[in-house]
$ cat input_23.csv   # CSV, C-alpha atoms
chain,number,residue,atom,x,y,z
S,1092,MET,CA,110.5,115.6,85.0
S,1093,SER,CA,108.6,112.7,86.5
S,1094,THR,CA,105.5,111.3,84.9
S,1095,ARG,CA,102.5,112.8,86.7
S,1096,ILE,CA,99.7,110.4,87.6
S,1097,LEU,CA,96.4,111.4,89.1
S,1098,VAL,CA,94.2,108.8,90.9
S,1099,VAL,CA,90.6,110.0,91.4
S,1100,TYR,CA,88.0,107.9,93.2
S,1101,TYR,CA,84.7,107.8,95.1
S,1102,SER,CA,84.3,105.4,97.9
S,1103,SER,CA,81.3,104.9,100.3
S,1104,THR,CA,82.8,102.1,102.5
S,1105,GLY,CA,86.5,102.3,101.9
S,1106,ASN,CA,86.9,99.4,99.4
S,1107,THR,CA,87.4,101.6,96.3
S,1108,ALA,CA,89.7,103.8,98.3
S,1109,ALA,CA,91.9,100.8,99.1
S,1110,LEU,CA,92.1,99.9,95.4
S,1111,ALA,CA,93.0,103.5,94.7
S,1112,GLU,CA,95.9,103.4,97.2
S,1113,SER,CA,97.2,100.1,95.7
S,1114,LEU,CA,97.1,101.5,92.2
S,1115,ALA,CA,98.9,104.7,93.3
S,1116,ALA,CA,101.6,102.5,95.0
S,1117,GLY,CA,102.2,100.7,91.8
S,1118,ALA,CA,102.5,103.9,89.9
S,1119,ARG,CA,105.0,105.2,92.4
S,1120,GLU,CA,107.1,102.1,92.0
S,1121,THR,CA,108.0,103.5,88.5
S,1122,GLY,CA,109.2,106.8,89.9
S,1123,ALA,CA,106.0,108.6,89.0
S,1124,ASP,CA,104.8,111.7,90.8
S,1125,VAL,CA,101.3,110.6,92.1
S,1126,ARG,CA,98.3,112.5,93.5
S,1127,VAL,CA,95.4,110.6,95.0
S,1128,ARG,CA,92.2,112.6,95.2
S,1129,THR,CA,88.5,111.9,96.1
S,1130,VAL,CA,85.3,113.7,95.3
S,1131,PRO,CA,82.6,115.2,97.5
S,1132,GLU,CA,80.0,113.2,99.2
S,1133,THR,CA,76.6,114.4,98.1
S,1134,VAL,CA,74.2,111.9,99.8
S,1135,PRO,CA,72.2,113.4,102.7
S,1136,ALA,CA,73.6,112.6,106.2
S,1137,ASP,CA,70.4,110.8,107.3
S,1138,ALA,CA,70.6,108.4,104.4
S,1139,ILE,CA,74.3,107.6,105.2
S,1140,ALA,CA,73.4,107.1,108.8
S,1141,ARG,CA,71.1,104.2,107.9
S,1142,ASN,CA,74.0,102.2,106.5
S,1143,PRO,CA,76.6,101.4,109.3
S,1144,ARG,CA,79.5,100.7,107.0
S,1145,TRP,CA,78.9,103.9,105.0
S,1146,GLN,CA,78.6,105.9,108.2
S,1147,ALA,CA,81.8,104.4,109.6
S,1148,TRP,CA,83.7,105.3,106.5
S,1149,VAL,CA,82.4,108.9,106.4
S,1150,GLY,CA,83.0,109.2,110.1
S,1151,THR,CA,86.7,108.4,109.8
S,1152,GLY,CA,87.3,111.1,107.2
S,1153,PRO,CA,88.5,113.3,105.8
S,1154,HIS,CA,90.4,111.0,103.6
S,1155,HIS,CA,92.2,112.4,100.6
S,1156,GLU,CA,92.0,116.0,99.3
S,1157,LEU,CA,89.1,116.7,96.9
S,1158,ALA,CA,89.9,116.5,93.2
S,1159,THR,CA,90.0,119.8,91.2
S,1160,LEU,CA,90.0,120.5,87.5
S,1161,GLY,CA,93.6,121.7,88.1
S,1162,ASP,CA,94.6,118.2,89.1
S,1163,LEU,CA,93.4,117.0,85.7
S,1164,GLU,CA,95.4,119.7,83.9
S,1165,TRP,CA,98.5,118.7,85.9
S,1166,ALA,CA,98.3,115.0,85.2
S,1167,ASP,CA,99.9,113.2,82.2
S,1168,GLY,CA,97.9,110.1,83.1
S,1169,LEU,CA,95.0,109.3,85.3
S,1170,ALA,CA,93.1,106.4,86.9
S,1171,VAL,CA,89.4,106.8,87.8
S,1172,GLY,CA,87.6,104.5,90.2
S,1173,SER,CA,84.1,104.1,91.6
S,1174,PRO,CA,81.8,101.5,93.2
S,1175,THR,CA,79.3,100.3,90.7
S,1176,ARG,CA,75.8,101.7,91.0
S,1177,PHE,CA,73.3,99.8,88.8
S,1178,GLY,CA,76.0,99.0,86.3
S,1179,GLY,CA,77.5,102.5,86.1
S,1180,PRO,CA,79.7,104.8,88.2
S,1181,ALA,CA,78.4,106.5,91.3
S,1182,ALA,CA,76.8,109.9,90.9
S,1183,GLN,CA,79.4,111.5,93.1
S,1184,LEU,CA,82.2,110.6,90.7
S,1185,LYS,CA,80.1,111.2,87.6
S,1186,SER,CA,79.4,114.8,88.8
S,1187,TYR,CA,83.2,115.4,88.8
S,1188,LEU,CA,83.6,113.9,85.4
S,1189,ASP,CA,80.6,116.0,84.1
S,1190,SER,CA,82.4,119.2,85.2
S,1191,THR,CA,85.3,118.7,82.8
S,1192,GLY,CA,83.5,120.2,79.7
S,1193,GLY,CA,85.5,123.4,79.8
S,1194,LEU,CA,88.8,121.5,79.8
S,1195,TRP,CA,87.5,119.2,77.0
S,1196,ALA,CA,86.4,122.2,74.9
S,1197,GLN,CA,89.9,123.6,75.2
S,1198,GLY,CA,91.5,120.3,74.2
S,1199,LYS,CA,93.3,120.0,77.5
S,1200,LEU,CA,92.3,116.4,78.1
S,1201,ALA,CA,93.3,115.1,74.7
S,1202,ASP,CA,96.2,112.5,74.7
S,1203,LYS,CA,96.1,112.0,78.4
S,1204,VAL,CA,96.5,108.3,79.3
S,1205,ALA,CA,93.5,106.9,81.3
S,1206,THR,CA,92.4,103.7,83.0
S,1207,SER,CA,89.5,102.8,85.3
S,1208,PHE,CA,88.8,100.5,88.3
S,1209,THR,CA,85.7,99.5,90.3
S,1210,THR,CA,84.1,97.5,93.2
S,1211,ALA,CA,80.8,95.8,93.6
S,1212,SER,CA,79.0,93.7,96.2
S,1213,THR,CA,77.9,90.9,93.8
S,1214,ALA,CA,79.8,88.9,91.3
S,1215,HIS,CA,77.6,90.0,88.4
S,1216,GLY,CA,76.7,93.4,89.7
S,1217,GLY,CA,78.0,95.5,86.8
S,1218,LEU,CA,81.7,95.6,87.2
S,1219,GLU,CA,82.6,95.5,83.5
S,1220,SER,CA,79.8,97.9,82.5
S,1221,THR,CA,80.9,100.4,85.1
S,1222,LEU,CA,84.4,100.3,83.7
S,1223,LEU,CA,83.2,100.7,80.2
S,1224,ALA,CA,80.9,103.6,81.3
S,1225,ILE,CA,83.9,105.4,82.8
S,1226,ASN,CA,85.9,104.8,79.7
S,1227,ASN,CA,83.2,106.4,77.6
S,1228,VAL,CA,84.2,109.7,79.2
S,1229,PHE,CA,87.8,109.1,78.2
S,1230,TYR,CA,86.8,108.5,74.6
S,1231,HIS,CA,85.1,111.8,74.4
S,1232,TRP,CA,88.1,113.6,75.9
S,1233,GLY,CA,90.3,112.1,73.2
S,1234,ALA,CA,92.3,110.3,75.9
S,1235,ILE,CA,94.3,107.1,75.3
S,1236,VAL,CA,92.6,104.3,77.2
S,1237,VAL,CA,94.7,101.7,78.8
S,1238,PRO,CA,93.0,98.5,79.8
S,1239,LEU,CA,94.5,96.2,82.4
S,1240,GLY,CA,94.5,93.3,80.0
S,1241,TYR,CA,96.1,89.9,80.8
S,1242,THR,CA,99.5,91.5,80.7
S,1243,ASP,CA,100.8,89.5,83.7
S,1244,PRO,CA,100.2,85.9,84.7
S,1245,HIS,CA,98.7,87.1,88.0
S,1246,LEU,CA,95.9,88.9,86.2
S,1247,LYS,CA,94.4,85.7,84.9
S,1248,GLU,CA,93.5,85.0,88.5
S,1249,SER,CA,92.0,88.5,89.0
S,1250,GLY,CA,89.8,87.9,86.0
S,1251,ASN,CA,89.1,91.4,84.6
S,1252,PRO,CA,91.0,92.6,81.6
S,1253,TYR,CA,88.9,95.8,81.5
S,1254,GLY,CA,90.4,97.2,84.7
S,1255,GLY,CA,91.0,96.4,88.3
S,1256,SER,CA,88.0,95.3,90.3
S,1257,PHE,CA,86.9,93.6,93.5
S,1258,VAL,CA,83.7,91.8,94.5
S,1259,SER,CA,83.0,92.5,98.2
S,1260,ARG,CA,81.1,89.4,99.3
S,1261,LYS,CA,79.6,89.8,102.8
S,1262,SER,CA,81.2,93.3,103.1
S,1263,ALA,CA,84.7,91.9,102.7
S,1264,ALA,CA,87.7,94.2,102.3
S,1265,PRO,CA,89.8,93.9,99.1
S,1266,ASP,CA,92.0,90.8,99.1
S,1267,ASP,CA,95.6,90.5,98.0
S,1268,VAL,CA,94.6,89.3,94.6
S,1269,ALA,CA,92.6,92.5,93.9
S,1270,LEU,CA,95.2,94.7,95.5
S,1271,ASP,CA,98.0,93.1,93.5
S,1272,ALA,CA,96.0,93.6,90.3
S,1273,LEU,CA,95.6,97.3,91.1
S,1274,ARG,CA,99.3,97.7,91.8
S,1275,LEU,CA,100.1,96.2,88.4
S,1276,GLN,CA,97.5,98.5,86.8
S,1277,GLY,CA,99.2,101.5,88.4
S,1278,ARG,CA,102.6,100.3,87.1
S,1279,ARG,CA,101.2,99.8,83.6
S,1280,LEU,CA,99.5,103.2,83.6
S,1281,ALA,CA,102.6,105.0,84.7
S,1282,THR,CA,104.9,103.1,82.3
S,1283,ILE,CA,102.7,103.7,79.2
S,1284,THR,CA,102.1,107.3,80.2
S,1285,THR,CA,105.8,107.8,80.3
S,1286,HIS,CA,106.2,106.3,76.8
S,1287,VAL,CA,103.3,108.5,75.4
S,1288,ALA,CA,104.6,111.7,77.0
S,1289,THR,CA,108.1,111.0,75.7
S,1290,GLY,CA,106.7,110.4,72.2
S,1291,LEU,CA,104.6,113.5,72.2
S,1292,LYS,CA,107.6,115.7,73.3
S,1293,ARG,CA,109.7,114.2,70.5
S,1294,ALA,CA,106.9,114.9,68.0
S,1295,GLU,CA,106.9,118.6,69.0

$ encode --input "input_23.csv" --output "structure tokens"
Amino acid sequence: MSTRILVVYYSSTGNTAALAESLAAGARETGADVRVRTVPETVPADAIARNPRWQAWVGTGPHHELATLGDLEWADGLAVGSPTRFGGPAAQLKSYLDSTGGLWAQGKLADKVATSFTTASTAHGGLESTLLAINNVFYHWGAIVVPLGYTDPHLKESGNPYGGSFVSRKSAAPDDVALDALRLQGRRLATITTHVATGLKRAE
């Protein structure tokens, strides 16, 4: 059976979605079965309309299917991504993570392999703290957290060992450096998830 990878993200302008797609592509390169899911938009329509880039992204939807708790049960490993909001993940994504208490209580999230990614509009806008905040959820689940690290020479250029990230200066779309880092992160997630899943089956 193929390793099952879930990529869950929230995106308001499409940048985080682009990172999610690149990470998913990297995971697929290993032969993994990959699902890409998003979460519901909860901001009032009039607030979105005041931001042209946000409105443009919402207006081109729907994008991916909405994530369910069933997707989490299905996955052996997962990647979770969000733009940074004041140094933490967006409320839309956090709401999904906050709904996992039932699965956690049943022990169904323990030993899943997990990693995180993010975007921001400023270089010191909370990229690393957002990744660490997402990872805090994984720790409570009992998941196995996989950082991006400097596991490939390319990653010394991307500059974030905590997880894939991109700084969108002047509303720029993710560049090749960021997308390549996310592809490598996807490969790393799927590869390590395969090792963990194989080891757990042998232990049984």

$ closest_atom_pairs --input "input_23.csv" --of "range 1173-1246 of chain S" --to "range 1261-1278 of chain S" --cutoff "10 Å" --atoms "all atoms listed in the file" --output "JSON lines"
{"residue": "S:Thr1206", "atom": "CA", "partner": "S:Gln1276", "partner_atom": "CA", "distance": 8.2}
{"residue": "S:Ser1207", "atom": "CA", "partner": "S:Gln1276", "partner_atom": "CA", "distance": 9.2}
{"residue": "S:Phe1208", "atom": "CA", "partner": "S:Leu1273", "partner_atom": "CA", "distance": 8.0}
{"residue": "S:Thr1210", "atom": "CA", "partner": "S:Pro1265", "partner_atom": "CA", "distance": 9.0}
{"residue": "S:Ala1211", "atom": "CA", "partner": "S:Ser1262", "partner_atom": "CA", "distance": 9.8}
{"residue": "S:Ser1212", "atom": "CA", "partner": "S:Ser1262", "partner_atom": "CA", "distance": 7.3}
{"residue": "S:Thr1213", "atom": "CA", "partner": "S:Lys1261", "partner_atom": "CA", "distance": 9.2}
{"residue": "S:Val1237", "atom": "CA", "partner": "S:Gln1276", "partner_atom": "CA", "distance": 9.1}
{"residue": "S:Pro1238", "atom": "CA", "partner": "S:Gln1276", "partner_atom": "CA", "distance": 8.3}
{"residue": "S:Leu1239", "atom": "CA", "partner": "S:Gln1276", "partner_atom": "CA", "distance": 5.8}
{"residue": "S:Gly1240", "atom": "CA", "partner": "S:Gln1276", "partner_atom": "CA", "distance": 9.1}
{"residue": "S:Thr1242", "atom": "CA", "partner": "S:Leu1275", "partner_atom": "CA", "distance": 9.0}
{"residue": "S:Asp1243", "atom": "CA", "partner": "S:Leu1275", "partner_atom": "CA", "distance": 8.2}
{"residue": "S:His1245", "atom": "CA", "partner": "S:Ala1272", "partner_atom": "CA", "distance": 7.4}
{"residue": "S:Leu1246", "atom": "CA", "partner": "S:Ala1272", "partner_atom": "CA", "distance": 6.2}

$ closest_residue --input "input_23.csv" --among "S:Val1258, S:Leu1160, S:Leu1097, S:Ile1139" --to "Leu1218 in chain S" --atoms "all atoms listed in the file"
S:Val1258

$ residues_around --input "input_23.csv" --residues "Trp1148 in chain S" --least-positions-apart "3" --cutoff "12 Å" --atoms "only C-alpha atoms" --output "tab-separated table (two decimals) with C-alpha atoms, in the coordinates of the input"
chain	number	residue	atom	x	y	z
S	1101	TYR	CA	84.70	107.80	95.10
S	1102	SER	CA	84.30	105.40	97.90
S	1103	SER	CA	81.30	104.90	100.30
S	1104	THR	CA	82.80	102.10	102.50
S	1105	GLY	CA	86.50	102.30	101.90
S	1106	ASN	CA	86.90	99.40	99.40
S	1107	THR	CA	87.40	101.60	96.30
S	1108	ALA	CA	89.70	103.80	98.30
S	1109	ALA	CA	91.90	100.80	99.10
S	1132	GLU	CA	80.00	113.20	99.20
S	1139	ILE	CA	74.30	107.60	105.20
S	1140	ALA	CA	73.40	107.10	108.80
S	1142	ASN	CA	74.00	102.20	106.50
S	1143	PRO	CA	76.60	101.40	109.30
S	1144	ARG	CA	79.50	100.70	107.00
S	1145	TRP	CA	78.90	103.90	105.00
S	1151	THR	CA	86.70	108.40	109.80
S	1152	GLY	CA	87.30	111.10	107.20
S	1153	PRO	CA	88.50	113.30	105.80
S	1154	HIS	CA	90.40	111.00	103.60

$ atom_distance --input "input_23.csv" --atom1 "CA of Gly1290 in chain S" --atom2 "CA of Gly1161 in chain S"
23.5 Å

$ closest_residue --input "input_23.csv" --among "S:Leu1194, S:Leu1200, S:Ile1096, S:Lys1292" --to "Gly1122 in chain S" --atoms "only C-alpha atoms"
S:Ile1096

$ residues_around --input "input_23.csv" --residues "Val1130 in chain S" --least-positions-apart "3" --cutoff "8 Å" --atoms "only C-alpha atoms" --output "PyMOL selection string"
chain S and resi 1099-1101+1157-1158+1183-1184+1187

$ residues_around --input "input_23.csv" --residues "Ile1283 in chain S" --least-positions-apart "2" --cutoff "12 Å" --atoms "only C-alpha atoms" --output "PyMOL selection string"
chain S and resi 1094-1096+1118+1121+1123+1167-1169+1202-1206+1235-1239+1276-1281+1285-1290

$ write_last_selection --input "input_23.csv" --atoms "C-alpha atoms" --output "PDB file, keeping the file's coordinate frame"
ATOM      1  CA  THR S1094     105.500 111.300  84.900  1.00  0.00           C
ATOM      2  CA  ARG S1095     102.500 112.800  86.700  1.00  0.00           C
ATOM      3  CA  ILE S1096      99.700 110.400  87.600  1.00  0.00           C
ATOM      4  CA  ALA S1118     102.500 103.900  89.900  1.00  0.00           C
ATOM      5  CA  THR S1121     108.000 103.500  88.500  1.00  0.00           C
ATOM      6  CA  ALA S1123     106.000 108.600  89.000  1.00  0.00           C
ATOM      7  CA  ASP S1167      99.900 113.200  82.200  1.00  0.00           C
ATOM      8  CA  GLY S1168      97.900 110.100  83.100  1.00  0.00           C
ATOM      9  CA  LEU S1169      95.000 109.300  85.300  1.00  0.00           C
ATOM     10  CA  ASP S1202      96.200 112.500  74.700  1.00  0.00           C
ATOM     11  CA  LYS S1203      96.100 112.000  78.400  1.00  0.00           C
ATOM     12  CA  VAL S1204      96.500 108.300  79.300  1.00  0.00           C
ATOM     13  CA  ALA S1205      93.500 106.900  81.300  1.00  0.00           C
ATOM     14  CA  THR S1206      92.400 103.700  83.000  1.00  0.00           C
ATOM     15  CA  ILE S1235      94.300 107.100  75.300  1.00  0.00           C
ATOM     16  CA  VAL S1236      92.600 104.300  77.200  1.00  0.00           C
ATOM     17  CA  VAL S1237      94.700 101.700  78.800  1.00  0.00           C
ATOM     18  CA  PRO S1238      93.000  98.500  79.800  1.00  0.00           C
ATOM     19  CA  LEU S1239      94.500  96.200  82.400  1.00  0.00           C
ATOM     20  CA  GLN S1276      97.500  98.500  86.800  1.00  0.00           C
ATOM     21  CA  GLY S1277      99.200 101.500  88.400  1.00  0.00           C
ATOM     22  CA  ARG S1278     102.600 100.300  87.100  1.00  0.00           C
ATOM     23  CA  ARG S1279     101.200  99.800  83.600  1.00  0.00           C
ATOM     24  CA  LEU S1280      99.500 103.200  83.600  1.00  0.00           C
ATOM     25  CA  ALA S1281     102.600 105.000  84.700  1.00  0.00           C
ATOM     26  CA  THR S1285     105.800 107.800  80.300  1.00  0.00           C
ATOM     27  CA  HIS S1286     106.200 106.300  76.800  1.00  0.00           C
ATOM     28  CA  VAL S1287     103.300 108.500  75.400  1.00  0.00           C
ATOM     29  CA  ALA S1288     104.600 111.700  77.000  1.00  0.00           C
ATOM     30  CA  THR S1289     108.100 111.000  75.700  1.00  0.00           C
ATOM     31  CA  GLY S1290     106.700 110.400  72.200  1.00  0.00           C
TER      32      GLY S1290
END

$ closest_residue --input "input_23.csv" --among "S:Pro1131, S:Gly1255, S:Gly1150, S:Gly1117" --to "Thr1209 in chain S" --atoms "all atoms listed in the file"
S:Gly1255

$ atom_distance --input "input_23.csv" --atom1 "CA of Pro1252 in chain S" --atom2 "CA of Pro1174 in chain S"
17.3 Å

$ residues_around --input "input_23.csv" --residues "Ala1196 in chain S" --least-positions-apart "6" --cutoff "12 Å" --atoms "all atoms listed in the file" --output "list in words"
Ser1190, His1231, Trp1232 and Gly1233 of chain S

$ closest_residue --input "input_23.csv" --among "S:Ala1214, S:Asn1251, S:Ala1116, S:Tyr1230" --to "Ala1201 in chain S" --atoms "all atoms listed in the file"
S:Tyr1230

$ atom_distance --input "input_23.csv" --atom1 "CA of Val1171 in chain S" --atom2 "CA of Phe1257 in chain S"
14.6 Å

$ build_atoms --input "input_23.csv" --residues "range 1269-1285 of chain S" --atoms "N, CA, C and O atoms" --output "PDB file, keeping the file's coordinate frame"
ATOM      1  N   ALA S1269      93.108  91.193  94.449  1.00  0.00           N
ATOM      2  CA  ALA S1269      92.600  92.500  93.900  1.00  0.00           C
ATOM      3  C   ALA S1269      93.653  93.569  94.057  1.00  0.00           C
ATOM      4  O   ALA S1269      93.904  94.341  93.127  1.00  0.00           O
ATOM      5  N   LEU S1270      94.251  93.671  95.226  1.00  0.00           N
ATOM      6  CA  LEU S1270      95.200  94.700  95.500  1.00  0.00           C
ATOM      7  C   LEU S1270      96.445  94.597  94.586  1.00  0.00           C
ATOM      8  O   LEU S1270      96.986  95.593  94.083  1.00  0.00           O
ATOM      9  N   ASP S1271      96.895  93.359  94.371  1.00  0.00           N
ATOM     10  CA  ASP S1271      98.000  93.100  93.500  1.00  0.00           C
ATOM     11  C   ASP S1271      97.689  93.516  92.046  1.00  0.00           C
ATOM     12  O   ASP S1271      98.519  94.069  91.319  1.00  0.00           O
ATOM     13  N   ALA S1272      96.464  93.216  91.623  1.00  0.00           N
ATOM     14  CA  ALA S1272      96.000  93.600  90.300  1.00  0.00           C
ATOM     15  C   ALA S1272      96.045  95.110  90.113  1.00  0.00           C
ATOM     16  O   ALA S1272      96.475  95.641  89.079  1.00  0.00           O
ATOM     17  N   LEU S1273      95.589  95.824  91.128  1.00  0.00           N
ATOM     18  CA  LEU S1273      95.600  97.300  91.100  1.00  0.00           C
ATOM     19  C   LEU S1273      96.996  97.846  91.075  1.00  0.00           C
ATOM     20  O   LEU S1273      97.289  98.844  90.390  1.00  0.00           O
ATOM     21  N   ARG S1274      97.887  97.209  91.826  1.00  0.00           N
ATOM     22  CA  ARG S1274      99.300  97.700  91.800  1.00  0.00           C
ATOM     23  C   ARG S1274      99.880  97.505  90.417  1.00  0.00           C
ATOM     24  O   ARG S1274     100.559  98.401  89.908  1.00  0.00           O
ATOM     25  N   LEU S1275      99.603  96.364  89.780  1.00  0.00           N
ATOM     26  CA  LEU S1275     100.100  96.200  88.400  1.00  0.00           C
ATOM     27  C   LEU S1275      99.448  97.153  87.450  1.00  0.00           C
ATOM     28  O   LEU S1275     100.103  97.628  86.507  1.00  0.00           O
ATOM     29  N   GLN S1276      98.179  97.478  87.678  1.00  0.00           N
ATOM     30  CA  GLN S1276      97.500  98.500  86.800  1.00  0.00           C
ATOM     31  C   GLN S1276      98.184  99.832  86.964  1.00  0.00           C
ATOM     32  O   GLN S1276      98.345 100.553  85.975  1.00  0.00           O
ATOM     33  N   GLY S1277      98.557 100.188  88.183  1.00  0.00           N
ATOM     34  CA  GLY S1277      99.200 101.500  88.400  1.00  0.00           C
ATOM     35  C   GLY S1277     100.592 101.505  87.705  1.00  0.00           C
ATOM     36  O   GLY S1277     100.970 102.517  87.103  1.00  0.00           O
ATOM     37  N   ARG S1278     101.331 100.401  87.783  1.00  0.00           N
ATOM     38  CA  ARG S1278     102.600 100.300  87.100  1.00  0.00           C
ATOM     39  C   ARG S1278     102.430 100.456  85.584  1.00  0.00           C
ATOM     40  O   ARG S1278     103.172 101.170  84.901  1.00  0.00           O
ATOM     41  N   ARG S1279     101.437  99.741  85.071  1.00  0.00           N
ATOM     42  CA  ARG S1279     101.200  99.800  83.600  1.00  0.00           C
ATOM     43  C   ARG S1279     100.766 101.176  83.183  1.00  0.00           C
ATOM     44  O   ARG S1279     101.253 101.683  82.166  1.00  0.00           O
ATOM     45  N   LEU S1280      99.884 101.825  83.943  1.00  0.00           N
ATOM     46  CA  LEU S1280      99.500 103.200  83.600  1.00  0.00           C
ATOM     47  C   LEU S1280     100.654 104.122  83.569  1.00  0.00           C
ATOM     48  O   LEU S1280     100.817 104.886  82.605  1.00  0.00           O
ATOM     49  N   ALA S1281     101.478 104.103  84.604  1.00  0.00           N
ATOM     50  CA  ALA S1281     102.600 105.000  84.700  1.00  0.00           C
ATOM     51  C   ALA S1281     103.636 104.743  83.570  1.00  0.00           C
ATOM     52  O   ALA S1281     104.180 105.674  82.959  1.00  0.00           O
ATOM     53  N   THR S1282     103.883 103.474  83.305  1.00  0.00           N
ATOM     54  CA  THR S1282     104.900 103.100  82.300  1.00  0.00           C
ATOM     55  C   THR S1282     104.413 103.564  80.894  1.00  0.00           C
ATOM     56  O   THR S1282     105.179 104.175  80.131  1.00  0.00           O
ATOM     57  N   ILE S1283     103.166 103.274  80.558  1.00  0.00           N
ATOM     58  CA  ILE S1283     102.700 103.700  79.200  1.00  0.00           C
ATOM     59  C   ILE S1283     102.531 105.174  79.131  1.00  0.00           C
ATOM     60  O   ILE S1283     102.828 105.762  78.076  1.00  0.00           O
ATOM     61  N   THR S1284     102.129 105.830  80.209  1.00  0.00           N
ATOM     62  CA  THR S1284     102.100 107.300  80.200  1.00  0.00           C
ATOM     63  C   THR S1284     103.419 107.897  79.916  1.00  0.00           C
ATOM     64  O   THR S1284     103.539 108.872  79.160  1.00  0.00           O
ATOM     65  N   THR S1285     104.463 107.337  80.502  1.00  0.00           N
ATOM     66  CA  THR S1285     105.800 107.800  80.300  1.00  0.00           C
ATOM     67  C   THR S1285     106.185 107.687  78.781  1.00  0.00           C
ATOM     68  O   THR S1285     106.732 108.614  78.173  1.00  0.00           O
TER      69      THR S1285
END
